[in-house]
Each structure stands twice: as C-alpha cells, then as structure tokens.
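Novice: Take a look at final23.cif, mmCIF, C-alpha atoms and all ligand atoms:
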```
data_run
#
loop_
_atom_site.label_atom_id
_atom_site.label_comp_id
_atom_site.auth_asym_id
_atom_site.auth_seq_id
_atom_site.Cartn_x
_atom_site.Cartn_y
_atom_site.Cartn_z
CA MET C 1 -4.40 30.16 3.68
CA THR C 2 -6.20 33.11 2.11
CA ARG C 3 -4.04 34.81 -0.44
CA ILE C 4 -4.22 38.45 -1.35
CA ASP C 5 -4.47 38.82 -5.09
CA LEU C 6 -1.96 41.17 -6.56
CA PRO C 7 -2.99 43.61 -9.23
CA LEU C 8 -2.21 41.98 -12.53
CA GLN C 9 -0.98 43.37 -15.77
CA PRO C 10 -3.90 44.67 -17.86
CA ASN C 11 -4.09 41.45 -19.85
CA GLY C 12 -4.39 39.37 -16.70
CA SER C 13 -0.99 37.73 -17.05
CA LYS C 14 0.50 35.99 -14.05
CA VAL C 15 3.83 37.76 -14.25
CA GLN C 16 3.58 41.16 -12.73
CA TRP C 17 5.47 44.37 -12.94
CA SER C 18 8.36 44.04 -10.59
CA TYR C 19 7.57 46.87 -8.17
CA LEU C 20 4.56 45.49 -6.33
CA PRO C 21 4.37 44.71 -2.60
CA ARG C 22 4.32 41.11 -3.62
CA GLN C 23 5.62 39.73 -0.32
CA PHE C 24 2.12 40.04 1.10
CA ASN C 25 1.08 37.05 -0.89
CA GLU C 26 3.24 35.04 1.47
CA GLN C 27 1.09 35.89 4.44
CA SER C 28 -2.55 35.23 5.03
CA ILE C 29 -4.75 38.28 5.07
CA GLU C 30 -6.05 37.14 8.47
CA GLU C 31 -2.57 37.14 9.90
CA ILE C 32 -1.90 40.68 8.74
CA LEU C 33 -5.32 42.01 9.77
CA GLY C 34 -5.01 40.26 13.13
CA ARG C 35 -1.73 42.01 13.75
CA LEU C 36 -3.17 45.36 12.72
CA ARG C 37 -6.35 44.90 14.79
CA ALA C 38 -4.30 44.06 17.84
CA PHE C 39 -2.48 47.37 17.83
CA VAL C 40 -5.40 49.72 18.37
CA PRO C 41 -6.05 48.90 22.05
CA THR C 42 -2.33 48.91 22.87
CA GLY C 43 -1.92 52.59 22.10
CA ASP C 44 1.35 51.79 20.30
CA PHE C 45 1.31 53.73 17.05
CA THR C 46 4.85 54.89 16.49
CA LEU C 47 8.20 54.17 18.20
CA GLY C 48 6.38 51.94 20.66
CA LYS C 49 6.87 48.37 21.77
CA PRO C 50 6.42 46.84 18.29
CA VAL C 51 9.25 49.00 16.96
CA ARG C 52 11.53 47.86 19.78
CA GLU C 53 10.54 44.25 19.20
CA PHE C 54 11.21 44.62 15.47
CA GLU C 55 14.59 46.23 16.19
CA ASP C 56 15.54 43.38 18.53
CA ARG C 57 14.48 40.67 16.12
CA PHE C 58 16.12 42.42 13.17
CA ALA C 59 19.38 42.82 15.13
CA ARG C 60 19.34 39.15 16.16
CA LEU C 61 18.60 37.98 12.65
CA ILE C 62 21.43 39.84 10.97
CA GLY C 63 23.77 39.42 13.93
CA THR C 64 24.33 42.98 15.12
CA ARG C 65 24.02 44.30 18.65
CA HIS C 66 22.76 47.75 17.80
CA ALA C 67 20.04 48.64 15.34
CA ILE C 68 17.31 51.24 15.04
CA GLY C 69 14.24 51.28 12.83
CA VAL C 70 13.54 54.34 10.70
CA ASN C 71 10.92 55.25 8.15
CA SER C 72 12.94 54.50 5.00
CA GLY C 73 16.25 53.34 3.64
CA THR C 74 16.81 56.89 2.46
CA ASP C 75 16.48 58.14 6.02
CA ALA C 76 18.75 55.37 7.27
CA LEU C 77 21.45 56.73 4.93
CA LYS C 78 20.72 60.36 5.77
CA LEU C 79 20.77 59.71 9.50
CA SER C 80 23.98 57.72 9.33
CA LEU C 81 25.74 60.58 7.55
CA LYS C 82 24.33 63.05 10.03
CA ALA C 83 25.33 60.89 12.99
CA LEU C 84 28.90 60.99 11.66
CA GLY C 85 28.73 64.77 11.37
CA VAL C 86 29.03 64.79 7.56
CA GLY C 87 28.04 68.23 6.32
CA PRO C 88 28.87 71.16 4.05
CA GLY C 89 32.28 70.91 2.39
CA ASP C 90 32.66 67.19 3.14
CA GLU C 91 32.87 64.44 0.55
CA VAL C 92 31.61 60.87 0.54
CA VAL C 93 32.88 58.32 -1.97
CA THR C 94 30.23 56.08 -3.49
CA ALA C 95 29.18 54.21 -6.63
CA ALA C 96 27.99 55.85 -9.85
CA ASN C 97 25.49 53.04 -10.44
CA THR C 98 23.03 52.85 -7.61
CA PHE C 99 19.58 54.17 -6.76
CA ILE C 100 19.32 57.96 -6.51
CA ALA C 101 18.77 57.69 -2.73
CA THR C 102 22.41 56.76 -2.13
CA ILE C 103 23.88 59.95 -3.52
CA GLY C 104 20.78 61.99 -2.70
CA ALA C 105 21.37 61.27 0.99
CA ILE C 106 24.89 62.68 0.66
CA ALA C 107 23.72 65.78 -1.20
CA GLU C 108 20.91 66.36 1.27
CA ASN C 109 23.52 66.59 4.02
CA PHE C 110 25.17 69.30 1.86
CA ALA C 111 28.16 67.08 1.18
CA ARG C 112 29.58 66.16 -2.22
CA PRO C 113 29.12 62.67 -3.65
CA ALA C 114 32.50 61.64 -5.08
CA LEU C 115 31.54 58.91 -7.55
CA VAL C 116 33.54 55.92 -8.74
CA ASP C 117 32.80 53.44 -11.48
CA CYS C 118 31.78 49.82 -10.94
CA THR C 119 33.37 46.56 -12.08
CA ASP C 120 31.68 43.96 -14.24
CA ASN C 121 29.90 42.55 -11.19
CA PHE C 122 28.09 45.94 -10.98
CA CYS C 123 29.50 46.72 -7.51
CA MET C 124 31.75 49.71 -6.86
CA ASP C 125 35.30 49.20 -8.13
CA VAL C 126 37.17 49.17 -4.84
CA SER C 127 40.51 49.69 -6.60
CA LYS C 128 39.26 53.11 -7.77
CA VAL C 129 38.18 54.36 -4.35
CA GLU C 130 41.55 55.56 -3.12
CA ALA C 131 41.98 57.91 -6.09
CA ALA C 132 38.64 59.53 -5.21
CA ILE C 133 39.69 60.30 -1.62
CA THR C 134 40.63 63.91 -0.86
CA PRO C 135 41.37 65.73 2.41
CA ARG C 136 37.64 66.49 2.60
CA THR C 137 36.52 62.85 2.40
CA LYS C 138 34.69 61.66 5.49
CA ALA C 139 33.25 58.30 4.50
CA ILE C 140 33.09 55.54 1.90
CA MET C 141 29.64 54.28 0.97
CA PRO C 142 29.70 50.92 -0.86
CA VAL C 143 26.43 49.58 -2.29
CA HIS C 144 25.75 45.83 -2.28
CA PHE C 145 24.30 46.00 -5.75
CA ALA C 146 21.33 43.75 -6.52
CA GLY C 147 22.14 41.86 -3.32
CA LEU C 148 25.66 40.81 -4.34
CA PRO C 149 27.93 41.73 -1.43
CA VAL C 150 30.81 44.10 -2.10
CA ASP C 151 34.15 42.60 -1.09
CA LEU C 152 34.30 44.44 2.22
CA GLU C 153 37.77 43.49 3.41
CA PRO C 154 39.66 45.93 1.16
CA VAL C 155 37.05 48.66 1.74
CA TYR C 156 37.47 48.52 5.51
CA ALA C 157 41.25 48.16 5.22
CA LEU C 158 41.39 51.31 3.10
CA ALA C 159 39.03 53.15 5.44
CA ARG C 160 41.20 52.25 8.43
CA ARG C 161 44.37 53.29 6.64
CA ARG C 162 42.90 56.66 5.62
CA GLY C 163 40.97 57.33 8.83
CA LEU C 164 37.53 57.17 7.14
CA ARG C 165 34.19 55.79 8.18
CA VAL C 166 32.18 53.27 6.14
CA ILE C 167 28.44 53.41 5.57
CA GLU C 168 27.19 50.36 3.67
CA ASP C 169 24.09 50.86 1.55
CA ALA C 170 22.50 47.45 2.14
CA ALA C 171 19.09 48.35 0.70
CA HIS C 172 19.40 45.38 -1.69
CA ALA C 173 21.21 43.12 0.74
CA MET C 174 18.80 42.04 3.47
CA GLY C 175 20.01 38.54 4.31
CA ALA C 176 23.11 38.73 2.09
CA ALA C 177 26.46 37.59 3.47
CA CYS C 178 30.09 38.45 2.77
CA GLN C 179 32.55 35.61 3.49
CA GLY C 180 29.87 33.78 5.42
CA ARG C 181 29.01 36.74 7.65
CA ARG C 182 25.69 38.49 7.31
CA ILE C 183 25.76 42.00 5.89
CA GLY C 184 25.12 44.25 8.89
CA SER C 185 26.69 41.91 11.42
CA GLN C 186 30.09 43.56 11.49
CA GLY C 187 29.94 46.77 9.46
CA ASP C 188 30.61 50.25 10.75
CA LEU C 189 27.18 51.66 9.82
CA VAL C 190 24.88 49.61 7.61
CA ALA C 191 21.62 50.95 6.14
CA PHE C 192 18.70 48.74 5.07
CA SER C 193 15.45 49.51 3.23
CA PHE C 194 12.10 47.81 3.66
CA HIS C 195 10.35 49.54 0.78
CA PRO C 196 7.79 47.24 -0.90
CA ASN C 197 10.11 46.46 -3.80
CA LYS C 198 12.87 45.16 -1.51
CA ASN C 199 13.41 41.56 -0.35
CA LEU C 200 11.56 42.24 2.90
CA THR C 201 9.02 44.99 3.48
CA THR C 202 7.39 47.06 6.21
CA ILE C 203 5.54 49.09 3.51
CA GLU C 204 7.82 52.05 4.16
CA GLY C 205 10.71 51.56 6.52
CA GLY C 206 14.38 51.03 7.00
CA ALA C 207 16.93 50.15 9.63
CA LEU C 208 20.41 51.15 10.58
CA SER C 209 22.91 48.81 12.20
CA PHE C 210 25.84 50.23 14.16
CA ALA C 211 29.17 49.05 15.49
CA SER C 212 29.32 51.94 17.99
CA GLU C 213 26.82 52.09 20.82
CA ALA C 214 27.46 55.80 21.39
CA GLU C 215 26.37 56.51 17.82
CA VAL C 216 23.11 54.60 18.28
CA GLU C 217 22.13 57.01 21.00
CA ARG C 218 22.80 59.99 18.79
CA ALA C 219 21.00 58.44 15.83
CA GLU C 220 17.98 57.71 18.03
CA ARG C 221 17.88 61.40 18.95
CA LEU C 222 18.27 62.44 15.33
CA ARG C 223 15.37 60.15 14.47
CA PHE C 224 13.06 62.34 16.56
CA HIS C 225 13.83 66.07 16.49
CA GLY C 226 17.13 65.80 18.39
CA ILE C 227 15.18 65.37 21.63
CA ARG C 228 16.71 63.93 24.78
CA LYS C 229 14.28 62.95 27.51
CA LEU C 230 15.31 64.20 30.94
CA PRO C 231 14.71 62.39 34.19
CA GLY C 232 11.62 63.95 35.76
CA GLY C 233 9.74 64.18 32.47
CA GLY C 234 11.23 67.23 30.75
CA ILE C 235 13.12 67.26 27.51
CA ASP C 236 16.09 69.02 26.02
CA VAL C 237 16.95 69.44 22.35
CA LEU C 238 20.63 68.71 21.81
CA GLU C 239 20.77 69.46 18.10
CA HIS C 240 18.35 70.25 15.35
CA ALA C 241 16.98 67.22 13.55
CA GLY C 242 13.96 66.09 11.59
CA LYS C 243 11.74 63.08 12.07
CA SER C 244 12.30 59.58 10.77
CA ASN C 245 10.11 57.38 12.94
CA LEU C 246 9.25 53.82 12.06
CA ALA C 247 5.52 53.34 12.68
CA ASP C 248 4.40 50.50 14.92
CA VAL C 249 2.07 49.24 12.18
CA SER C 250 5.08 48.89 9.90
CA ALA C 251 7.06 47.24 12.67
CA ARG C 252 4.30 44.65 13.15
CA ILE C 253 4.36 43.81 9.47
CA GLY C 254 8.14 43.67 9.66
CA ILE C 255 8.10 41.22 12.57
CA ALA C 256 6.02 38.83 10.48
CA GLN C 257 8.19 39.39 7.42
CA LEU C 258 11.43 38.70 9.29
CA GLN C 259 10.22 35.17 9.97
CA LYS C 260 10.01 34.62 6.22
CA LEU C 261 13.34 36.09 5.21
CA GLU C 262 15.22 32.81 4.75
CA GLN C 263 12.33 31.38 2.79
CA PHE C 264 12.03 34.53 0.62
CA ASN C 265 15.73 34.63 -0.17
CA ALA C 266 15.99 30.90 -0.85
CA ARG C 267 13.18 31.21 -3.39
CA ARG C 268 14.71 34.31 -5.00
CA THR C 269 18.03 32.49 -5.31
CA ALA C 270 16.39 29.42 -6.89
CA LEU C 271 14.58 31.64 -9.41
CA ALA C 272 17.71 33.63 -10.22
CA ARG C 273 19.71 30.42 -10.77
CA ARG C 274 16.99 29.15 -13.07
CA TYR C 275 17.26 32.38 -15.09
CA LEU C 276 21.04 31.93 -15.25
CA GLU C 277 20.65 28.36 -16.47
CA ARG C 278 17.93 29.08 -18.99
CA LEU C 279 19.68 32.14 -20.43
CA ASP C 280 23.16 30.66 -20.45
CA GLY C 281 24.73 31.26 -23.86
CA ALA C 282 21.91 33.47 -25.19
CA SER C 283 23.35 35.87 -27.75
CA GLY C 284 23.28 39.60 -27.11
CA LEU C 285 22.95 39.13 -23.34
CA ARG C 286 25.36 39.63 -20.44
CA LEU C 287 24.08 37.78 -17.41
CA PRO C 288 24.53 39.03 -13.85
CA VAL C 289 27.30 37.50 -11.77
CA ASP C 290 26.34 34.95 -9.13
CA GLY C 291 28.34 34.66 -5.94
CA PRO C 292 28.28 33.35 -2.41
CA GLY C 293 25.97 35.23 -0.05
CA HIS C 294 23.98 36.87 -2.87
CA ALA C 295 20.51 38.04 -1.73
CA TRP C 296 19.23 38.29 -5.33
CA HIS C 297 17.25 41.50 -4.95
CA LEU C 298 17.35 42.09 -8.71
CA PHE C 299 17.91 39.95 -11.76
CA ALA C 300 19.15 42.45 -14.31
CA PRO C 301 21.04 41.26 -17.40
CA LEU C 302 22.54 43.64 -19.94
CA VAL C 303 21.04 43.52 -23.40
CA ASP C 304 23.04 44.53 -26.45
CA PHE C 305 20.21 46.55 -27.97
CA GLY C 306 22.40 47.78 -30.82
CA ALA C 307 23.18 44.26 -32.02
CA ALA C 308 19.51 43.32 -31.66
CA GLN C 309 18.49 46.42 -33.68
CA LEU C 310 16.13 47.35 -30.90
CA THR C 311 15.76 50.20 -28.44
CA ARG C 312 15.25 49.48 -24.76
CA ALA C 313 11.92 51.29 -24.84
CA ARG C 314 10.70 49.00 -27.62
CA PHE C 315 12.05 45.95 -25.83
CA ILE C 316 10.19 46.85 -22.62
CA GLU C 317 7.04 47.56 -24.62
CA ALA C 318 7.27 44.18 -26.34
CA MET C 319 7.73 42.40 -23.02
CA HIS C 320 4.74 44.31 -21.58
CA ALA C 321 2.68 43.21 -24.54
CA ARG C 322 3.39 39.64 -23.39
CA GLY C 323 2.31 40.54 -19.83
CA ILE C 324 5.84 40.73 -18.51
CA GLY C 325 7.05 43.68 -16.48
CA ALA C 326 10.58 44.91 -17.02
CA GLY C 327 12.36 47.75 -15.25
CA ILE C 328 15.56 49.79 -15.34
CA HIS C 329 17.96 49.68 -12.38
CA TYR C 330 19.61 52.09 -12.89
CA GLN C 331 20.47 54.86 -15.35
CA ALA C 332 23.95 56.24 -14.61
CA LEU C 333 23.40 58.82 -11.88
CA HIS C 334 26.16 61.23 -12.84
CA LEU C 335 24.35 62.02 -16.10
CA PHE C 336 21.25 63.40 -14.35
CA GLN C 337 21.04 67.20 -14.42
CA ALA C 338 21.46 67.57 -10.67
CA TYR C 339 24.77 65.70 -10.75
CA ARG C 340 26.02 67.16 -14.02
CA ARG C 341 25.90 70.42 -12.10
CA LEU C 342 28.58 68.96 -9.85
CA GLY C 343 30.79 68.69 -12.93
CA TYR C 344 30.19 65.10 -14.01
CA ARG C 345 29.75 64.25 -17.68
CA GLU C 346 29.62 61.47 -20.30
CA GLY C 347 32.66 59.25 -20.28
CA ASP C 348 33.43 59.71 -16.57
CA PHE C 349 32.24 56.22 -15.60
CA PRO C 350 32.10 53.98 -18.68
CA ASN C 351 30.87 50.85 -16.91
CA ALA C 352 28.05 52.67 -15.13
CA GLU C 353 27.11 54.26 -18.46
CA THR C 354 27.07 50.92 -20.32
CA ILE C 355 24.95 49.40 -17.56
CA GLY C 356 22.70 52.46 -17.57
CA GLU C 357 22.06 52.05 -21.30
CA ARG C 358 21.71 48.28 -21.47
CA THR C 359 20.28 47.09 -18.19
CA VAL C 360 16.85 45.48 -18.00
CA THR C 361 15.36 44.15 -14.77
CA LEU C 362 13.35 40.97 -15.22
CA PRO C 363 10.57 39.86 -12.84
CA LEU C 364 11.91 38.25 -9.67
CA PHE C 365 9.56 37.71 -6.77
CA THR C 366 8.78 34.88 -4.45
CA GLN C 367 5.43 33.78 -5.88
CA MET C 368 6.89 33.14 -9.32
CA GLN C 369 6.80 29.54 -10.48
CA ASP C 370 9.68 27.96 -12.33
CA SER C 371 7.45 28.03 -15.39
CA ASP C 372 7.13 31.84 -15.05
CA VAL C 373 10.91 32.13 -15.35
CA ASP C 374 10.79 29.95 -18.45
CA ARG C 375 8.05 32.09 -19.95
CA VAL C 376 10.05 35.28 -19.31
CA CYS C 377 13.15 33.69 -20.87
CA ASP C 378 11.22 32.57 -23.95
CA ALA C 379 9.66 36.02 -24.36
CA LEU C 380 13.03 37.68 -23.98
CA ARG C 381 14.74 35.48 -26.58
CA GLU C 382 11.85 35.88 -28.96
CA THR C 383 11.73 39.67 -28.55
CA ILE C 384 15.42 39.96 -29.30
CA ARG C 385 15.25 37.52 -32.25
CA ARG C 386 12.16 39.10 -33.80
CA ALA C 387 13.72 42.54 -33.87
CA LYS C 388 16.48 41.43 -36.25
C1 LIG Y 1 15.63 51.48 -2.25
C2 LIG Y 1 17.01 51.96 -2.09
C3 LIG Y 1 17.34 52.96 -1.16
C4 LIG Y 1 16.32 53.74 -0.41
O1 LIG Y 1 15.42 53.02 0.33
P1 LIG Y 1 13.93 53.61 0.58
O2 LIG Y 1 13.42 52.74 1.68
O3 LIG Y 1 13.18 53.47 -0.69
O4 LIG Y 1 14.08 55.02 1.01
C5 LIG Y 1 18.68 53.29 -1.01
N1 LIG Y 1 19.63 52.70 -1.74
C6 LIG Y 1 19.35 51.76 -2.67
C7 LIG Y 1 20.47 51.14 -3.43
C8 LIG Y 1 18.03 51.37 -2.89
O5 LIG Y 1 17.76 50.47 -3.82
#
```
Please, can you express the file's structure as structure tokens?
Specialist:
Amino acid sequence: MTRIDLPLQPNGSKVQWSYLPRQFNEQSIEEILGRLRAFVPTGDFTLGKPVREFEDRFARLIGTRHAIGVNSGTDALKLSLKALGVGPGDEVVTAANTFIATIGAIAENFARPALVDCTDNFCMDVSKVEAAITPRTKAIMPVHFAGLPVDLEPVYALARRRGLRVIEDAAHAMGAACQGRRIGSQGDLVAFSFHPNKNLTTIEGGALSFASEAEVERAERLRFHGIRKLPGGGIDVLEHAGKSNLADVSARIGIAQLQKLEQFNARRTALARRYLERLDGASGLRLPVDGPGHAWHLFAPLVDFGAAQLTRARFIEAMHARGIGAGIHYQALHLFQAYRRLGYREGDFPNAETIGERTVTLPLFTQMQDSDVDRVCDALRETIRRAK
C-alpha cells in the first residue's frame, strides 16, 4: 500500500499537529486517485449518483432512514434550523462550550443562542436547560462533546414536554452511540461534519439525519436555492435559500472513508485509553471522562497552569519544541465579542470558562503508534514539571 506522507512538524517529528487530513494515510493513493479518475467520464460532479450512494451508505451505517449530504457541518446545522422555520426573534438553547459553528448557525438564522453551562464531562448540563427555555424557544441543540454522547433521554423528554424540537450537533460523534444506539439513528435532526479534522472526512462536507420524511424534502430544497423540479422539466422556487451542495468528489472520498469508520474509531479509542492509563494520577491534570459509545474525536485534558506556574501559550510552545502539536477546543464562546454583545459576560458559565482557560488538545489520530502516546505523555509531564 502506498502511503501519502503527511506534512510533518518543522523538526520532522512523527507526531503532527492535530488538524491535518490524516485519515488519508489510511487509504492508498491509488485508491483515491482511481476514484477521482473514474468520476470525470460519468459527468457526476455535484449532487449526482455518488452523493446519493454516499447518503444511502451513511444512512445505513448510522441506522437512519433519511439523510442528506451537505457541504459542511455548519451548513447541516444552518439547514436544520431553517427547515424547522427558526428565525428572527426565536431562541435555541445550546452549550457554552462548543465550536463557534454551533452558535454561529443559530445567529446566522437571526435567532438567539441561549447558552447553558456544561457538567464535568464537558457536555451540556441537561439539568440547566429548562431554566433557559422561554416562550420564544424553538429548539434544544445538544453537542456530543469530543465524541462523548450527551444523555439524550432527558433531553428528548424535556423537548416533548415543552413542545420543542431537538437538533443534535454530532460533528464530533460520527460512530458514537448512546445506550447502545448509534447517534443519528433515532434523533429528531442530527448534524454531522466531515471536515478533515473530524473522525471521518470528505474534505469539506456534512450530513443531516432526520426522523421526519417531510422535512427531508424541504431540507433538500433548501440545499439548492429552494428549487422544486416540476414534471415536464420546469422548476419553481418555493422559498429563498442558498446553496449547500455536497460535491460528488467529496462523496466518493466519503464512500471509501465510511468503510473505515469502525477501524478508525477502534484505533482512536485504543489510543485514548492508553492516554488515560499513562496519565492516570498525574498531578495538575484533569483527564477527560470515558464512557460507553464514546467516539473519541478529541483527547483534551485540563491542565492546572496556575499550579504548574506556566501559561498555556508557553505550554503549547514547549510541546511544539518537542515536535508535538497541541490545540485548544474550545475557548468559552460567550466571552467572544460577538456574543458579549448579546449580554453574556464573565462568570455566566463557570465550567465552560474553566475549560476554556485550561483545556489542551493532545494529538489523537489513527496513524499514531502506542509509543507516540507515550512520547506525548512524557513530554507533557516533563513540561509541567520543568516549569516549577
Ligand atoms: C466542526 C464542527 C462543526 C462544523 O462543521 P464544519 O464541517 O467544519 O462546518 C460544528 N460543530 C462542532 C461541535 C464542530 O466541531
């Protein structure tokens, strides 16, 4: 098998910065090029047969009946809100610690993100959701943070009781399962991302799984300018919409990637468990919570930088100097200027703020060897110890 070399850190280290499209190493370059070469004569470039095949295979794999491919996870969230008619004056309850796209999708539909804090497993604190519901609330948007599934039972029970819809942000949770059932198999609307830094990639891309068939039809229209094709060849435009097509090239890559999902996630889980073992009891660290059905998108412990007499910037620099990439997922969103303008401020969500200040994402990707994990752990301990 020919392997595609990934760009390395400047010093040539084997452990790379954690945002690379590293899944491609799992496929031979011939396989990918063969798939790409095959598409030119077919005339399928966007929303063609490969997209339908990808949608079918994706739906089968996660166990849903209805799914559409779109060009990003962000668009999957935006479209789902739009398909539910969420707009100006409406509110959507979601987590304060997530990627910007989650609350950006709400704001881009001119609705207000009503944020709640997370628990110590980094997922939205479901017990705080009800207090955030107002007469304007239209939906609850839980985020399966780092691939750890949110306990969905109470979320759906609350939504039913209050007449709300649920949109799950499953960007981290491809292949994750809640109580033995795949995320996406039974949700109301569930949005996935296939950005290169996610567990499975189509380069850019996303998908949306639906419980309601009627909503699939609307979302498919919203994916392409609100157009409905008429019998006889004409079209009508039922409502204004933008464009969120999944390209057939992406779909072809996705079809190949789907076949590797179990393998990818099994490897990620093994690596994450090795981190947990190796870092067990390390001082100044809070390790992420493991749990059944975890897809291990991120391995992000909290570091007590104060106790280590270190800043995060210096910590990341020191790790880089050892050829080890480290990231931040995520700063607390409510403290960004755009969301402060909505009235949020320091102290609103203490857990999200603590995570935002202390979180460090360590390398986690399928080509890592067990010895890479050990090297990262040694570097981390040493960096923290040295600073004191
Ligand atoms: C990556 C991500 C998204 C957006 O997905 P894109 O495909 O990058 O648009 C949404 N929510 C979360 C939590 C993410 O991590």
Novice: Taking all atoms listed in the file into account, which of C:Asp169, C:Glu31, C:Asp120, C:Asp56 comes nearest ligand LIG 1 (chain Y)?
Specialist: C:Asp169
Novice: Per residue of chain C within 6 Å of ligand LIG 1 (chain Y), which atom pair is closest and at what distance in Å (one decimal), using all atoms listed in the file, listed by chain and increasing number, as CSV?
Specialist:
```
residue,atom,partner,partner_atom,distance
C:Ser72,CA,Y:LIG1,O2,3.8
C:Gly73,CA,Y:LIG1,O1,3.4
C:Thr74,CA,Y:LIG1,O4,3.6
C:Thr98,CA,Y:LIG1,C7,5.2
C:Phe99,CA,Y:LIG1,C7,4.6
C:Ala101,CA,Y:LIG1,C5,4.7
C:Thr102,CA,Y:LIG1,N1,4.9
C:Asp169,CA,Y:LIG1,N1,5.8
C:Ala171,CA,Y:LIG1,C6,4.8
C:His172,CA,Y:LIG1,O5,5.8
C:Ser193,CA,Y:LIG1,O2,4.1
C:Phe194,CA,Y:LIG1,O2,5.5
C:His195,CA,Y:LIG1,O2,4.5
C:Gly205,CA,Y:LIG1,O2,5.7
C:Gly206,CA,Y:LIG1,O2,5.7
```
Novice: Need the shell around range 224-236 of chain C: protein/DNA/RNA residues with any atom at most 10 Å away, counting only C-alpha atoms. Skip same-chain ones fewer than 6 positions apart. Format as a list of chain:residue names?
Specialist: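 So, after excluding close chain neighbours, the residues are C:Leu47, C:Val70, C:Glu217, C:Arg218, C:Gly242, C:Lys243, C:Ser244, C:Asn245.
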Novice: Distance cut-off 10 Å, centre (41.4, 61.4, 8.0) in file coordinates, counting all atoms listed in the file: which residues qualify? Return them as a list in words.
Specialist: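 Final list of nearby residues, as requested, is Ile133, Thr134, Pro135, Arg136, Thr137, Lys138, Ala139, Ala159, Arg160, Arg161, Arg162, Gly163, Leu164 and Arg165 of chain C.
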Novice: Would you work out the distance separating CA of Leu364 in chain C from CA of Ile68 in chain C, expressed in Å to one decimal?
Specialist: 28.4 Å
Novice: Could you list, as a ChimeraX atom specification, every residue within 8 Å of Gly69 in chain C, counting all atoms listed in the file and ignoring same-chain residues fewer than 2 positions away?
Specialist: /C:51,54-55,67,71,205-208,245-246
Novice: Please report, as AutoDock Vina command-line options, the centre and edge lengths in Å to one decimal of an axis-aligned box covering all listed atoms of range 282-285 of chain C with 6 Å per side.
Specialist:
```
--center_x 22.6 --center_y 36.5 --center_z -25.5 --size_x 13.4 --size_y 18.1 --size_z 16.4
```
Novice: If you measure from CA of Gln337 in chain C to CA of Ala191 in chain C, what distance in Å do you get, rounded to one decimal?
Specialist: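 Separation of CA of Gln337 in chain C and CA of Ala191 in chain C: 26.2 Å.
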Novice: I'd like the neighbourhood of range 186-188 of chain C as a list in words, where a residue qualifies if any of its atoms comes within 8 Å (using all atoms listed in the file), though same-chain residues fewer than 3 positions away should be ignored.
Specialist: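 Counting only the stated atoms, we get Gly63, Thr64, Arg165, Val166, Ile167, Glu168, Arg181, Arg182, Ile183, Ser209, Phe210, Ala211 and Ser212 of chain C.
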Novice: Counting only C-alpha atoms, what is within 10 Å of Arg274 in chain C, bar same-chain residues fewer than 6 positions away, as a PDB file with C-alpha atoms, keeping the file's coordinate frame?
Specialist:
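This went into selection.pdb:
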```pdb
ATOM      1  CA  ARG C 268      14.710  34.310  -5.000  1.00  0.00           C
ATOM      2  CA  ASP C 280      23.160  30.660 -20.450  1.00  0.00           C
ATOM      3  CA  ASP C 370       9.680  27.960 -12.330  1.00  0.00           C
ATOM      4  CA  SER C 371       7.450  28.030 -15.390  1.00  0.00           C
ATOM      5  CA  VAL C 373      10.910  32.130 -15.350  1.00  0.00           C
ATOM      6  CA  ASP C 374      10.790  29.950 -18.450  1.00  0.00           C
ATOM      7  CA  CYS C 377      13.150  33.690 -20.870  1.00  0.00           C
TER       8      CYS C 377
END
```
Novice: Could you tell me how far CA of Met124 in chain C sits from CA of Glu353 in chain C, in Å to one decimal place?
Specialist: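 Atom-to-atom, CA of Glu353 in chain C to CA of Met124 in chain C, that is 13.3 Å.
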Novice: Could you list, as a ChimeraX atom specification, every residue within 12 Å of range 106-109 of chain C, counting only C-alpha atoms and ignoring same-chain residues fewer than 5 positions away?
Specialist: /C:74-95,100-101,114-115,137-141,167,169,241,338-339,342
Novice: Using all atoms listed in the file, list the residues that have an atom at most 12 Å from (29.1, 37.2, -1.0), coordinates as in the file, as a PyMOL selection string.
Specialist: chain C and resi 121+123+144-153+173+175-183+289-296
Novice: Which residue, C:Arg52, C:Met319, C:Met174, C:Ala332, has the smallest gap to Asn351 in chain C when you use all atoms listed in the file?
Specialist: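 Distance minimum relative to Asn351 in chain C lands on C:Ala332.
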Novice: Using all atoms listed in the file, can you tell me which of C:Thr354, C:Thr42, C:Thr366, C:Thr361 comes closest to Leu261 in chain C?
Specialist: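 Among the listed residues, C:Thr366 lies closest to Leu261 in chain C.
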